[in-house]
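Take a look at the structure below.
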Amino acid sequence: INAEYGTNTNNIKVMTEPAVKEQQADAPDDRPELILILHSLRKTNIGTLIRSAVALGASEVVLCGRAREMALKTMHGSHGTAHYIPIRNFAKLVDAVSYVRERGATLIGVEIAPGAVNVCDEPFERRTALLLGNEGQGLSDAQLALCDRLVYIPQHGNGTASLNVAIAGSIIMHRFAVWAQLPEQARTGHKYDIDMSVRAPEVLRGTDLASEKRVERAAMAAAAAANDEAPAFQVEF
């Protein structure tokens, strides 16, 4: 891995700390930014949300979980759009929240809950981070405690208790884009134009897959040694 970027076995580039700081320094302070945080979601929803984030002008996506699993999930359902937006990876949600707070973002959780604000009231800030919970259980108590405020999408029909998380996230990202007055992308015929020159130079931040595997093997060997058991493999570095 060179000074700024490394590439894992999925050909997904890894952004290291110096490159992260350099990109943050180059970002304009007055441009509205939406950071999408994805935690405990199915891979189909992750891919769909990444595609919506690209289409609706989000500034970046933050994934929570093991880098190897997240690398695979970004490719499922995103239809190649993952290469058009910076995507960072943190092992723990608390680390992801610390990152967005360092960026000066207000953390808004998406949940139908007492005290949640109607998304039509556009309770956004110029730097907003959006946290989406698991589709089945929604945001956990621990996740809710991390949020600065909550937002919900009003429903007007009977027959379903809530929306699919990818649909809900897409609706809220669109509301943010309208509120922030983001410029509409140029169109040609029945499709929006794709500018190949703006492909994101990095997709994941963190350790590359080879390094992660070595760490896992070393941990297994240490655990085996602690139990006075000989490891069934030779650890190689």
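For the structure tokens, the naming scheme is as follows: chains receive sequential letters (A, B, ...) according to their order of presentation, residues are indexed from 1 within each chain, and ligands are indexed from 1 in presentation order.
Once Phe124 of chain A and its same-chain neighbours fewer than 3 positions away are set aside, Arg127, Thr128 and Phe176 of chain A remain within 8 Å of it when counting only C-alpha atoms.
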*Looking only at the backbone, which of the residues in segment 27-198 of chain A does DSSP tag as strand (DSSP E or B), as an MDAnalysis selection string?*
chainID A and resid 33:38 60:64 87:90 106:110 117:118 127:132 134 138 149:152 187:188 191:192
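Residues in contact range of segment 139-149 of chain A, defined as at most 6 Å between only C-alpha atoms, with sequence neighbours fewer than 2 positions away removed, read A:Leu107, A:Ile108, A:Gly109, A:Gly133.
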Keeping N, CA and C atoms for every residue in the selection just given, could you write it to a file as a PDB file, in the first residue's frame?
```pdb
ATOM      1  N   LEU A 107     -26.558  15.031  13.531  1.00  0.00           N
ATOM      2  CA  LEU A 107     -26.962  13.658  13.276  1.00  0.00           C
ATOM      3  C   LEU A 107     -28.473  13.518  13.418  1.00  0.00           C
ATOM      4  N   ILE A 108     -29.122  13.168  12.317  1.00  0.00           N
ATOM      5  CA  ILE A 108     -30.579  13.008  12.293  1.00  0.00           C
ATOM      6  C   ILE A 108     -30.910  11.540  12.076  1.00  0.00           C
ATOM      7  N   GLY A 109     -31.661  10.975  13.011  1.00  0.00           N
ATOM      8  CA  GLY A 109     -32.098   9.602  12.886  1.00  0.00           C
ATOM      9  C   GLY A 109     -33.457   9.524  12.212  1.00  0.00           C
ATOM     10  N   GLY A 133     -31.852   2.969  10.434  1.00  0.00           N
ATOM     11  CA  GLY A 133     -31.783   1.762  11.238  1.00  0.00           C
ATOM     12  C   GLY A 133     -32.199   0.527  10.471  1.00  0.00           C
TER      13      GLY A 133
END
```
*Find the residues around Ser170 of chain A up to 12 Å (only C-alpha atoms counted), leave out those fewer than 6 positions away in its own chain, and share them as a ChimeraX atom specification.*
/A:36,45-58,110,130,132,153,163-164,176-177
_One number please: atom CA of Thr106 of chain A to atom CA of Asn118 of chain A, in Å, one decimal._
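Those two atoms sit 16.5 Å apart.
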Hey, could you make a per-residue contact list for segment 36-67 of chain A against segment 83-105 of chain A with 6 Å as the cut-off, showing the nearest pair of atoms and its distance in Å to one decimal, counting only C-alpha atoms, sorted by chain and number, as a Markdown table?
```
| residue | atom | partner | partner_atom | distance |
| --- | --- | --- | --- | --- |
| A:Glu60 | CA | A:Pro86 | CA | 5.0 |
| A:Val61 | CA | A:Ile87 | CA | 4.7 |
| A:Val62 | CA | A:Arg88 | CA | 4.8 |
| A:Leu63 | CA | A:Asn89 | CA | 4.8 |
| A:Cys64 | CA | A:Phe90 | CA | 5.0 |
| A:Gly65 | CA | A:Ala91 | CA | 4.5 |
| A:Arg66 | CA | A:Ala91 | CA | 5.6 |
```
Filtering to C-alpha atoms, could you give me those residues as an mmCIF file, in the first residue's frame?
```
data_model
loop_
_atom_site.group_PDB
_atom_site.id
_atom_site.type_symbol
_atom_site.label_atom_id
_atom_site.label_comp_id
_atom_site.auth_asym_id
_atom_site.auth_seq_id
_atom_site.Cartn_x
_atom_site.Cartn_y
_atom_site.Cartn_z
ATOM 1 C CA GLU A 60 -20.463 10.681 1.100
ATOM 2 C CA VAL A 61 -21.594 7.367 2.560
ATOM 3 C CA VAL A 62 -20.314 5.912 5.833
ATOM 4 C CA LEU A 63 -20.581 2.164 6.340
ATOM 5 C CA CYS A 64 -20.368 0.511 9.749
ATOM 6 C CA GLY A 65 -19.013 -3.018 10.049
ATOM 7 C CA ARG A 66 -16.163 -5.267 8.961
#
```
*Figure out the distance between atom CA of Ile112 of chain A and atom CA of Val151 of chain A, please, to one decimal in Å.*
7.4 Å
_Per-residue DSSP, segment 42-126 of chain A, filtered to helix (DSSP H, G or I), as a PyMOL selection string_ = chain A and resi 43-55+67-75+81-84+93-102+119-121
How would the residues just picked look written out with N, CA and C atoms as a short mmCIF file (atom, residue, chain, number, x, y, z; two decimals), in the first residue's frame?
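Contents of again-v9.cif, as written:
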```cif
data_model
loop_
_atom_site.label_atom_id
_atom_site.label_comp_id
_atom_site.auth_asym_id
_atom_site.auth_seq_id
_atom_site.Cartn_x
_atom_site.Cartn_y
_atom_site.Cartn_z
N LYS A 43 -27.73 -6.17 2.46
CA LYS A 43 -26.90 -5.71 1.34
C LYS A 43 -27.71 -5.13 0.20
N THR A 44 -28.94 -5.63 -0.02
CA THR A 44 -29.76 -5.07 -1.10
C THR A 44 -30.14 -3.63 -0.79
N ASN A 45 -30.45 -3.35 0.47
CA ASN A 45 -30.79 -1.98 0.86
C ASN A 45 -29.57 -1.08 0.82
N ILE A 46 -28.39 -1.60 1.19
CA ILE A 46 -27.17 -0.80 1.13
C ILE A 46 -26.89 -0.37 -0.31
N GLY A 47 -26.97 -1.32 -1.24
CA GLY A 47 -26.71 -0.99 -2.64
C GLY A 47 -27.69 0.02 -3.20
N THR A 48 -28.97 -0.15 -2.88
CA THR A 48 -29.99 0.78 -3.36
C THR A 48 -29.79 2.17 -2.78
N LEU A 49 -29.43 2.25 -1.49
CA LEU A 49 -29.22 3.54 -0.85
C LEU A 49 -27.99 4.25 -1.41
N ILE A 50 -26.94 3.50 -1.74
CA ILE A 50 -25.77 4.11 -2.36
C ILE A 50 -26.14 4.70 -3.72
N ARG A 51 -26.93 3.96 -4.48
CA ARG A 51 -27.37 4.47 -5.78
C ARG A 51 -28.19 5.75 -5.63
N SER A 52 -29.09 5.77 -4.65
CA SER A 52 -29.88 6.97 -4.40
C SER A 52 -29.01 8.12 -3.90
N ALA A 53 -28.03 7.82 -3.06
CA ALA A 53 -27.14 8.86 -2.55
C ALA A 53 -26.40 9.54 -3.69
N VAL A 54 -25.95 8.75 -4.67
CA VAL A 54 -25.26 9.32 -5.83
C VAL A 54 -26.21 10.17 -6.64
N ALA A 55 -27.42 9.67 -6.90
CA ALA A 55 -28.39 10.39 -7.72
C ALA A 55 -28.86 11.67 -7.07
N ALA A 67 -14.68 -4.38 7.26
CA ALA A 67 -14.35 -3.85 5.94
C ALA A 67 -14.58 -4.84 4.83
N ARG A 68 -14.27 -6.10 5.07
CA ARG A 68 -14.41 -7.11 4.02
C ARG A 68 -15.88 -7.29 3.64
N GLU A 69 -16.75 -7.38 4.64
CA GLU A 69 -18.17 -7.55 4.37
C GLU A 69 -18.76 -6.31 3.71
N MET A 70 -18.34 -5.13 4.19
CA MET A 70 -18.87 -3.91 3.62
C MET A 70 -18.45 -3.72 2.17
N ALA A 71 -17.24 -4.15 1.84
CA ALA A 71 -16.75 -4.04 0.46
C ALA A 71 -17.64 -4.82 -0.49
N LEU A 72 -18.05 -6.00 -0.06
CA LEU A 72 -18.92 -6.83 -0.90
C LEU A 72 -20.32 -6.24 -0.98
N LYS A 73 -20.82 -5.71 0.12
CA LYS A 73 -22.18 -5.19 0.15
C LYS A 73 -22.34 -3.93 -0.71
N THR A 74 -21.29 -3.14 -0.85
CA THR A 74 -21.40 -1.93 -1.67
C THR A 74 -21.63 -2.27 -3.14
N MET A 75 -21.19 -3.45 -3.56
CA MET A 75 -21.30 -3.83 -4.96
C MET A 75 -22.66 -4.45 -5.28
N THR A 81 -22.63 2.50 -9.08
CA THR A 81 -22.63 3.89 -8.59
C THR A 81 -21.70 4.09 -7.41
N ALA A 82 -21.27 3.00 -6.75
CA ALA A 82 -20.37 3.13 -5.60
C ALA A 82 -19.05 3.79 -5.97
N HIS A 83 -18.72 3.82 -7.25
CA HIS A 83 -17.47 4.44 -7.69
C HIS A 83 -17.63 5.95 -7.90
N TYR A 84 -18.82 6.49 -7.65
CA TYR A 84 -19.07 7.91 -7.90
C TYR A 84 -19.31 8.70 -6.62
N LEU A 93 -20.15 1.86 15.09
CA LEU A 93 -21.03 3.01 14.84
C LEU A 93 -20.54 4.25 15.59
N VAL A 94 -20.06 4.07 16.82
CA VAL A 94 -19.62 5.22 17.61
C VAL A 94 -18.45 5.94 16.92
N ASP A 95 -17.61 5.19 16.23
CA ASP A 95 -16.51 5.82 15.51
C ASP A 95 -17.02 6.59 14.30
N ALA A 96 -18.03 6.05 13.64
CA ALA A 96 -18.63 6.75 12.51
C ALA A 96 -19.30 8.04 12.97
N VAL A 97 -19.98 7.98 14.10
CA VAL A 97 -20.63 9.18 14.64
C VAL A 97 -19.59 10.22 15.04
N SER A 98 -18.49 9.79 15.63
CA SER A 98 -17.42 10.73 15.98
C SER A 98 -16.88 11.42 14.73
N TYR A 99 -16.77 10.66 13.65
CA TYR A 99 -16.26 11.23 12.39
C TYR A 99 -17.19 12.32 11.87
N VAL A 100 -18.49 12.06 11.82
CA VAL A 100 -19.40 13.08 11.27
C VAL A 100 -19.50 14.28 12.20
N ARG A 101 -19.36 14.06 13.49
CA ARG A 101 -19.39 15.20 14.41
C ARG A 101 -18.14 16.06 14.23
N GLU A 102 -17.01 15.43 13.95
CA GLU A 102 -15.80 16.20 13.66
C GLU A 102 -15.98 17.04 12.41
N VAL A 119 -40.65 15.22 8.03
CA VAL A 119 -39.61 15.57 7.05
C VAL A 119 -40.05 16.73 6.17
N CYS A 120 -41.37 16.94 6.02
CA CYS A 120 -41.86 18.05 5.21
C CYS A 120 -41.51 19.40 5.83
N ASP A 121 -41.20 19.40 7.13
CA ASP A 121 -40.77 20.63 7.80
C ASP A 121 -39.29 20.90 7.57
#
```
